[in-house]
$ cat data.cif   # mmCIF, C-alpha atoms
data_run
#
loop_
_atom_site.label_atom_id
_atom_site.label_comp_id
_atom_site.auth_asym_id
_atom_site.auth_seq_id
_atom_site.Cartn_x
_atom_site.Cartn_y
_atom_site.Cartn_z
CA MET R 1 29.93 0.85 13.78
CA THR R 2 26.83 -1.33 13.92
CA VAL R 3 23.63 0.69 13.53
CA ARG R 4 20.30 -0.87 14.39
CA LEU R 5 16.71 0.17 13.96
CA ILE R 6 14.59 0.69 17.07
CA GLY R 7 10.86 0.86 16.44
CA PRO R 8 7.62 -1.09 16.00
CA ASN R 9 7.94 -1.20 12.19
CA HIS R 10 10.04 0.11 9.31
CA ARG R 11 7.86 3.24 9.05
CA ASN R 12 8.51 4.48 12.57
CA ALA R 13 12.01 3.72 13.79
CA TRP R 14 15.07 5.42 15.27
CA THR R 15 18.57 4.32 14.39
CA ALA R 16 20.95 3.54 17.22
CA GLY R 17 24.57 2.62 17.62
CA PRO R 18 27.23 2.77 20.34
CA GLY R 19 26.90 6.12 22.06
CA GLU R 20 24.49 7.67 19.56
CA VAL R 21 20.82 7.63 18.65
CA SER R 22 19.17 9.33 15.68
CA LEU R 23 15.54 10.33 16.05
CA LEU R 24 15.21 10.87 12.30
CA ARG R 25 12.54 8.55 11.00
CA PRO R 26 12.97 6.89 7.59
CA ALA R 27 12.19 9.20 4.69
CA ARG R 28 9.03 8.22 2.84
CA PRO R 29 8.72 9.35 -0.78
CA ARG R 30 5.22 10.55 -1.51
CA HIS R 31 2.93 8.37 -3.61
CA PRO R 32 0.26 10.82 -4.80
CA ALA R 33 -2.92 9.54 -6.42
CA THR R 34 -5.78 11.72 -7.65
CA VAL R 35 -9.17 10.02 -7.54
CA GLU R 36 -12.68 10.94 -8.54
CA ALA R 37 -14.63 11.49 -5.34
CA LEU R 38 -17.52 13.39 -3.77
CA PRO R 39 -18.08 16.19 -2.91
CA GLN R 40 -14.74 16.97 -4.63
CA ASN R 41 -12.01 15.02 -6.35
CA VAL R 42 -9.16 14.20 -3.99
CA THR R 43 -5.40 13.79 -4.22
CA LEU R 44 -4.18 11.49 -1.47
CA ASP R 45 -0.76 10.17 -0.55
CA LEU R 46 -0.85 6.38 -0.68
CA ALA R 47 2.40 6.33 1.33
CA ALA R 48 0.47 7.87 4.24
CA THR R 49 -2.77 5.92 3.81
CA ALA R 50 -4.24 2.83 5.49
CA LEU R 51 -7.35 0.78 4.74
CA ILE R 52 -9.68 0.03 7.67
CA VAL R 53 -11.93 -2.98 6.98
CA VAL R 54 -14.70 -3.04 9.57
CA ASP R 55 -16.54 -6.18 10.72
CA MET R 56 -16.23 -8.31 7.58
CA GLN R 57 -16.52 -11.30 9.90
CA ASN R 58 -18.53 -14.50 9.98
CA ASP R 59 -21.12 -13.35 12.50
CA PHE R 60 -22.24 -10.56 10.19
CA CYS R 61 -21.44 -11.82 6.70
CA ALA R 62 -21.49 -15.64 6.63
CA ALA R 63 -24.50 -17.81 5.92
CA ASP R 64 -23.91 -19.75 9.16
CA GLY R 65 -23.09 -16.66 11.23
CA TRP R 66 -25.04 -15.00 13.99
CA LEU R 67 -27.08 -12.47 11.97
CA ALA R 68 -28.22 -15.15 9.54
CA SER R 69 -29.14 -17.41 12.47
CA ILE R 70 -31.57 -14.82 13.83
CA GLY R 71 -33.23 -14.27 10.47
CA VAL R 72 -31.39 -11.21 9.14
CA ASP R 73 -30.92 -11.10 5.37
CA ILE R 74 -27.14 -10.86 5.11
CA THR R 75 -27.11 -10.43 1.32
CA PRO R 76 -26.34 -6.69 1.61
CA ALA R 77 -23.53 -7.35 4.10
CA ARG R 78 -21.79 -9.60 1.59
CA ALA R 79 -21.79 -6.99 -1.19
CA PRO R 80 -18.34 -5.56 -0.22
CA ILE R 81 -16.65 -8.98 -0.54
CA PRO R 82 -15.97 -8.97 -4.32
CA VAL R 83 -15.04 -5.28 -4.29
CA LEU R 84 -12.47 -5.83 -1.54
CA ALA R 85 -11.18 -9.02 -3.14
CA ARG R 86 -10.32 -7.00 -6.24
CA LEU R 87 -8.85 -4.04 -4.36
CA LEU R 88 -6.73 -5.66 -1.66
CA PRO R 89 -3.90 -6.98 -3.86
CA GLY R 90 -3.38 -3.58 -5.47
CA LEU R 91 -3.47 -1.74 -2.16
CA ARG R 92 -0.96 -4.11 -0.60
CA ALA R 93 1.29 -3.82 -3.65
CA ALA R 94 1.18 -0.02 -3.26
CA GLY R 95 2.34 -0.39 0.36
CA VAL R 96 -1.02 0.58 1.91
CA PRO R 97 -1.45 -1.18 5.29
CA VAL R 98 -4.64 -3.21 5.69
CA VAL R 99 -6.24 -3.19 9.14
CA TRP R 100 -8.96 -5.74 9.93
CA LEU R 101 -11.15 -4.24 12.66
CA ASN R 102 -13.57 -6.87 14.02
CA TRP R 103 -15.73 -7.31 17.07
CA GLY R 104 -13.78 -9.65 19.37
CA ASN R 105 -15.06 -9.49 22.92
CA ARG R 106 -13.66 -10.93 26.14
CA PRO R 107 -15.29 -14.25 27.08
CA ASP R 108 -16.34 -12.77 30.42
CA ARG R 109 -17.69 -9.57 28.78
CA ALA R 110 -16.23 -7.67 31.73
CA ASN R 111 -15.64 -4.46 29.75
CA LEU R 112 -19.10 -4.28 28.18
CA PRO R 113 -21.70 -2.01 29.82
CA PRO R 114 -25.43 -2.82 29.78
CA GLY R 115 -26.06 -0.42 26.91
CA VAL R 116 -23.75 -2.35 24.58
CA LEU R 117 -25.14 -5.74 25.62
CA HIS R 118 -28.72 -4.53 25.21
CA VAL R 119 -28.16 -3.63 21.55
CA TYR R 120 -27.59 -7.29 20.77
CA ASP R 121 -29.95 -8.79 23.36
CA ALA R 122 -32.89 -6.39 23.57
CA ASP R 123 -35.21 -8.67 25.56
CA GLY R 124 -32.53 -9.97 27.94
CA THR R 125 -32.83 -13.62 26.94
CA GLY R 126 -29.07 -14.04 26.56
CA GLY R 127 -29.06 -14.46 22.79
CA GLY R 128 -26.54 -11.74 22.00
CA ILE R 129 -22.82 -11.26 22.64
CA GLY R 130 -21.28 -14.47 24.00
CA ALA R 131 -24.22 -16.71 23.14
CA VAL R 132 -23.38 -20.04 21.50
CA LEU R 133 -24.97 -20.45 18.09
CA PRO R 134 -27.14 -23.53 17.45
CA ASP R 135 -24.48 -25.13 15.23
CA GLY R 136 -21.75 -24.46 17.78
CA ARG R 137 -20.00 -21.75 15.77
CA GLY R 138 -20.28 -19.23 18.59
CA PRO R 139 -19.74 -17.69 21.00
CA VAL R 140 -21.18 -14.64 19.25
CA LEU R 141 -18.65 -11.84 18.57
CA GLU R 142 -16.10 -13.41 20.92
CA ALA R 143 -12.36 -13.07 20.36
CA GLY R 144 -10.76 -16.24 19.03
CA SER R 145 -14.03 -17.85 17.95
CA PRO R 146 -15.08 -18.55 14.35
CA SER R 147 -17.69 -15.83 14.87
CA ALA R 148 -14.99 -13.16 15.04
CA ALA R 149 -12.94 -14.47 12.10
CA VAL R 150 -12.77 -12.69 8.75
CA VAL R 151 -15.06 -14.32 6.15
CA GLU R 152 -13.25 -16.99 4.18
CA GLU R 153 -13.61 -15.14 0.87
CA LEU R 154 -11.33 -12.37 2.19
CA GLU R 155 -8.16 -14.09 3.30
CA PRO R 156 -5.91 -11.69 5.25
CA ALA R 157 -2.28 -11.48 4.17
CA ALA R 158 0.62 -12.15 6.50
CA GLY R 159 1.48 -8.47 6.81
CA ASP R 160 -2.05 -7.29 7.59
CA LEU R 161 -2.97 -6.01 11.04
CA HIS R 162 -5.84 -7.29 13.23
CA ILE R 163 -7.50 -5.22 15.96
CA ALA R 164 -10.43 -6.32 18.13
CA LYS R 165 -13.07 -3.77 19.03
CA TYR R 166 -15.73 -3.68 21.74
CA ARG R 167 -17.98 -0.80 20.69
CA MET R 168 -19.45 0.56 17.49
CA SER R 169 -16.33 2.70 17.21
CA GLY R 170 -13.05 0.88 16.76
CA PHE R 171 -11.19 3.64 18.60
CA GLN R 172 -12.94 3.23 21.95
CA ASP R 173 -10.83 1.24 24.44
CA THR R 174 -8.59 -0.22 21.70
CA GLU R 175 -5.07 0.25 20.35
CA LEU R 176 -6.26 1.38 16.89
CA ASP R 177 -5.04 4.96 17.22
CA SER R 178 -1.62 3.87 18.52
CA VAL R 179 -1.20 1.39 15.68
CA LEU R 180 -2.11 3.97 13.05
CA ARG R 181 0.24 6.57 14.50
CA ASN R 182 3.07 4.02 14.53
CA LEU R 183 2.33 3.41 10.85
CA ARG R 184 2.66 7.18 10.35
CA VAL R 185 -0.54 7.40 8.36
CA ASP R 186 -2.88 10.36 8.30
CA THR R 187 -5.40 9.23 5.66
CA LEU R 188 -7.87 6.40 6.21
CA LEU R 189 -9.94 4.51 3.67
CA PHE R 190 -13.01 2.81 5.15
CA ALA R 191 -14.73 -0.40 4.04
CA GLY R 192 -16.99 -2.96 5.70
CA VAL R 193 -20.26 -3.19 7.62
CA ASN R 194 -22.52 -1.77 8.82
CA ALA R 195 -21.94 1.52 7.03
CA ASP R 196 -24.37 3.45 9.22
CA GLN R 197 -23.22 1.91 12.49
CA CYS R 198 -19.69 0.63 13.15
CA VAL R 199 -18.13 2.08 10.00
CA LEU R 200 -19.63 5.52 10.61
CA ALA R 201 -18.87 5.53 14.34
CA THR R 202 -15.23 4.63 13.69
CA LEU R 203 -14.95 7.17 10.87
CA MET R 204 -16.38 9.96 13.03
CA ASP R 205 -13.89 9.25 15.79
CA ALA R 206 -11.10 9.17 13.22
CA ALA R 207 -12.13 12.55 11.85
CA ASN R 208 -12.35 13.97 15.38
CA LEU R 209 -8.80 12.74 16.01
CA GLY R 210 -7.56 14.56 12.93
CA TYR R 211 -7.33 11.78 10.35
CA ASP R 212 -8.41 12.41 6.76
CA VAL R 213 -11.31 10.03 6.05
CA LEU R 214 -12.67 8.54 2.85
CA VAL R 215 -15.40 5.92 2.41
CA LEU R 216 -15.22 3.34 -0.37
CA GLN R 217 -18.93 3.53 -1.00
CA ASP R 218 -19.17 0.25 -2.95
CA ALA R 219 -17.05 -1.52 -0.32
CA VAL R 220 -19.37 -0.60 2.55
CA ALA R 221 -22.84 -1.97 3.11
CA THR R 222 -25.59 -2.25 5.69
CA THR R 223 -28.47 -4.51 6.59
CA SER R 224 -30.39 -1.38 7.64
CA PRO R 225 -33.01 0.21 5.35
CA PRO R 226 -31.66 2.00 2.25
CA PHE R 227 -32.29 5.46 3.68
CA CYS R 228 -29.66 4.72 6.35
CA MET R 229 -26.99 4.31 3.67
CA ASP R 230 -28.15 7.47 1.93
CA ALA R 231 -27.92 9.44 5.18
CA THR R 232 -24.50 7.97 5.99
CA LEU R 233 -22.97 8.95 2.65
CA TYR R 234 -24.57 12.38 2.87
CA ASN R 235 -23.15 12.99 6.33
CA VAL R 236 -19.68 11.77 5.38
CA ARG R 237 -19.58 14.17 2.43
CA GLN R 238 -21.19 17.02 4.33
CA CYS R 239 -19.38 16.83 7.67
CA PHE R 240 -16.35 14.54 7.71
CA GLY R 241 -14.65 13.71 4.43
CA PHE R 242 -15.17 12.13 1.05
CA THR R 243 -16.66 9.13 -0.74
CA LEU R 244 -15.25 7.32 -3.74
CA THR R 245 -15.67 4.01 -5.49
CA GLY R 246 -13.39 1.02 -5.51
CA ALA R 247 -13.20 1.28 -9.29
CA ALA R 248 -11.93 4.87 -9.06
CA LEU R 249 -9.29 3.83 -6.54
CA ALA R 250 -8.26 0.76 -8.52
CA GLY R 251 -7.71 2.98 -11.53
CA VAL R 252 -4.87 4.84 -9.80
CA LEU R 253 -3.17 1.92 -8.06
#

$ encode --input "data.cif" --output "structure tokens"
Amino acid sequence: MTVRLIGPNHRNAWTAGPGEVSLLRPARPRHPATVEALPQNVTLDLAATALIVVDMQNDFCAADGWLASIGVDITPARAPIPVLARLLPGLRAAGVPVVWLNWGNRPDRANLPPGVLHVYDADGTGGGIGAVLPDGRGPVLEAGSPSAAVVEELEPAAGDLHIAKYRMSGFQDTELDSVLRNLRVDTLLFAGVNADQCVLATLMDAANLGYDVLVLQDAVATTSPPFCMDATLYNVRQCFGFTLTGAALAGVL
């Protein structure tokens, strides 16, 4: 009898054959790893963990991207690049899915309310989402444009997942939750920018949905003042989950 898998990936599949279907998903041996973290050390199951990399894209992190073009010092936003470059191979080798979560808006901006547009175009001059940068690299934060692409120093692997977002939180109006549930993960590691904005908003929604959440504190950054990072890490530890370093995680991979 020929038996075939039915499912979106090898983690979440039925088996089916003539006249019979098994709803038993593939067994996944645990891959426990105990890491030094705050406010307590944590043992997580790498077999049920995914890495969410938020907004490590040209518009925020490249010298010819949008933030740099409007005079923002992007040096802090680039700080996660070497940390992630060291971590990603080990995470992939351990079977941890990598999800690249970037702004990638519709060209017509039809799903963006005024409040979202105003954040990036406070005076209404049209210089925010969808604007074409002076060197032609835009449109800003638009799906399919160089602006929305991952920075060249962090080359995604063939098996990585890419999800476009349209709000500070990557869960709002996107397929992120469905993708994670199909991966059968319940623990999320967070990296990227800005720690106090899109990373935190996505993490809070994840925690509210029941995911376990951990921030790689040296793999997140912000162009906001330092007190914003301090408050973000405090709130993660106090209200939502845990923080750890990339070095601590690398030590158990």

$ atom_distance --input "data.cif" --atom1 "atom CA of Leu141 of chain R" --atom2 "atom CA of Gly104 of chain R"
5.4 Å

$ residues_near_point --input "data.cif" --point "(-16.0, -14.7, 24.6)" --cutoff "8 Å" --atoms "only C-alpha atoms" --output "list in words"
Gly104, Asn105, Arg106, Pro107, Asp108, Arg109, Ile129, Gly130, Pro139, Val140, Leu141, Glu142, Ala143, Gly144 and Ser145 of chain R

$ closest_residue --input "data.cif" --among "R:Ala247, R:Ala157, R:Val42, R:Ala77" --to "Thr223 of chain R" --atoms "all atoms listed in the file"
R:Ala77

$ atom_distance --input "data.cif" --atom1 "atom CA of Val185 of chain R" --atom2 "atom CA of Cys61 of chain R"
28.4 Å

$ resolve_selection --input "data.cif" --expression "the PyMOL selection byres ((chain R and resi 205) around 12)" --output "number ranges by chain"
R: 167-172, 176-177, 188, 198-204, 206-213, 240

$ write_last_selection --input "data.cif" --atoms "C-alpha atoms" --output "PDB file, in the frame of the given file"
ATOM      1  CA  ARG R 167     -17.980  -0.800  20.690  1.00  0.00           C
ATOM      2  CA  MET R 168     -19.450   0.560  17.490  1.00  0.00           C
ATOM      3  CA  SER R 169     -16.330   2.700  17.210  1.00  0.00           C
ATOM      4  CA  GLY R 170     -13.050   0.880  16.760  1.00  0.00           C
ATOM      5  CA  PHE R 171     -11.190   3.640  18.600  1.00  0.00           C
ATOM      6  CA  GLN R 172     -12.940   3.230  21.950  1.00  0.00           C
ATOM      7  CA  LEU R 176      -6.260   1.380  16.890  1.00  0.00           C
ATOM      8  CA  ASP R 177      -5.040   4.960  17.220  1.00  0.00           C
ATOM      9  CA  LEU R 188      -7.870   6.400   6.210  1.00  0.00           C
ATOM     10  CA  CYS R 198     -19.690   0.630  13.150  1.00  0.00           C
ATOM     11  CA  VAL R 199     -18.130   2.080  10.000  1.00  0.00           C
ATOM     12  CA  LEU R 200     -19.630   5.520  10.610  1.00  0.00           C
ATOM     13  CA  ALA R 201     -18.870   5.530  14.340  1.00  0.00           C
ATOM     14  CA  THR R 202     -15.230   4.630  13.690  1.00  0.00           C
ATOM     15  CA  LEU R 203     -14.950   7.170  10.870  1.00  0.00           C
ATOM     16  CA  MET R 204     -16.380   9.960  13.030  1.00  0.00           C
ATOM     17  CA  ALA R 206     -11.100   9.170  13.220  1.00  0.00           C
ATOM     18  CA  ALA R 207     -12.130  12.550  11.850  1.00  0.00           C
ATOM     19  CA  ASN R 208     -12.350  13.970  15.380  1.00  0.00           C
ATOM     20  CA  LEU R 209      -8.800  12.740  16.010  1.00  0.00           C
ATOM     21  CA  GLY R 210      -7.560  14.560  12.930  1.00  0.00           C
ATOM     22  CA  TYR R 211      -7.330  11.780  10.350  1.00  0.00           C
ATOM     23  CA  ASP R 212      -8.410  12.410   6.760  1.00  0.00           C
ATOM     24  CA  VAL R 213     -11.310  10.030   6.050  1.00  0.00           C
ATOM     25  CA  PHE R 240     -16.350  14.540   7.710  1.00  0.00           C
TER      26      PHE R 240
END

$ residues_near_point --input "data.cif" --point "(-27.2, 7.9, 2.4)" --cutoff "12 Å" --atoms "only C-alpha atoms" --output "list of chain:residue names"
R:Ala195, R:Asp196, R:Leu200, R:Val215, R:Gln217, R:Val220, R:Ala221, R:Thr222, R:Ser224, R:Pro225, R:Pro226, R:Phe227, R:Cys228, R:Met229, R:Asp230, R:Ala231, R:Thr232, R:Leu233, R:Tyr234, R:Asn235, R:Val236, R:Arg237, R:Gln238, R:Thr243

$ write_last_selection --input "data.cif" --atoms "C-alpha atoms" --output "PDB file, in the frame of the given file"
ATOM      1  CA  ALA R 195     -21.940   1.520   7.030  1.00  0.00           C
ATOM      2  CA  ASP R 196     -24.370   3.450   9.220  1.00  0.00           C
ATOM      3  CA  LEU R 200     -19.630   5.520  10.610  1.00  0.00           C
ATOM      4  CA  VAL R 215     -15.400   5.920   2.410  1.00  0.00           C
ATOM      5  CA  GLN R 217     -18.930   3.530  -1.000  1.00  0.00           C
ATOM      6  CA  VAL R 220     -19.370  -0.600   2.550  1.00  0.00           C
ATOM      7  CA  ALA R 221     -22.840  -1.970   3.110  1.00  0.00           C
ATOM      8  CA  THR R 222     -25.590  -2.250   5.690  1.00  0.00           C
ATOM      9  CA  SER R 224     -30.390  -1.380   7.640  1.00  0.00           C
ATOM     10  CA  PRO R 225     -33.010   0.210   5.350  1.00  0.00           C
ATOM     11  CA  PRO R 226     -31.660   2.000   2.250  1.00  0.00           C
ATOM     12  CA  PHE R 227     -32.290   5.460   3.680  1.00  0.00           C
ATOM     13  CA  CYS R 228     -29.660   4.720   6.350  1.00  0.00           C
ATOM     14  CA  MET R 229     -26.990   4.310   3.670  1.00  0.00           C
ATOM     15  CA  ASP R 230     -28.150   7.470   1.930  1.00  0.00           C
ATOM     16  CA  ALA R 231     -27.920   9.440   5.180  1.00  0.00           C
ATOM     17  CA  THR R 232     -24.500   7.970   5.990  1.00  0.00           C
ATOM     18  CA  LEU R 233     -22.970   8.950   2.650  1.00  0.00           C
ATOM     19  CA  TYR R 234     -24.570  12.380   2.870  1.00  0.00           C
ATOM     20  CA  ASN R 235     -23.150  12.990   6.330  1.00  0.00           C
ATOM     21  CA  VAL R 236     -19.680  11.770   5.380  1.00  0.00           C
ATOM     22  CA  ARG R 237     -19.580  14.170   2.430  1.00  0.00           C
ATOM     23  CA  GLN R 238     -21.190  17.020   4.330  1.00  0.00           C
ATOM     24  CA  THR R 243     -16.660   9.130  -0.740  1.00  0.00           C
TER      25      THR R 243
END

$ atom_distance --input "data.cif" --atom1 "atom CA of Phe242 of chain R" --atom2 "atom CA of Leu214 of chain R"
4.7 Å

$ resolve_selection --input "data.cif" --expression "the PyMOL selection byres ((chain R and resi 163) around 9)" --output "PyMOL selection string"
chain R and resi 99-104+161-162+164-165+170+174-176
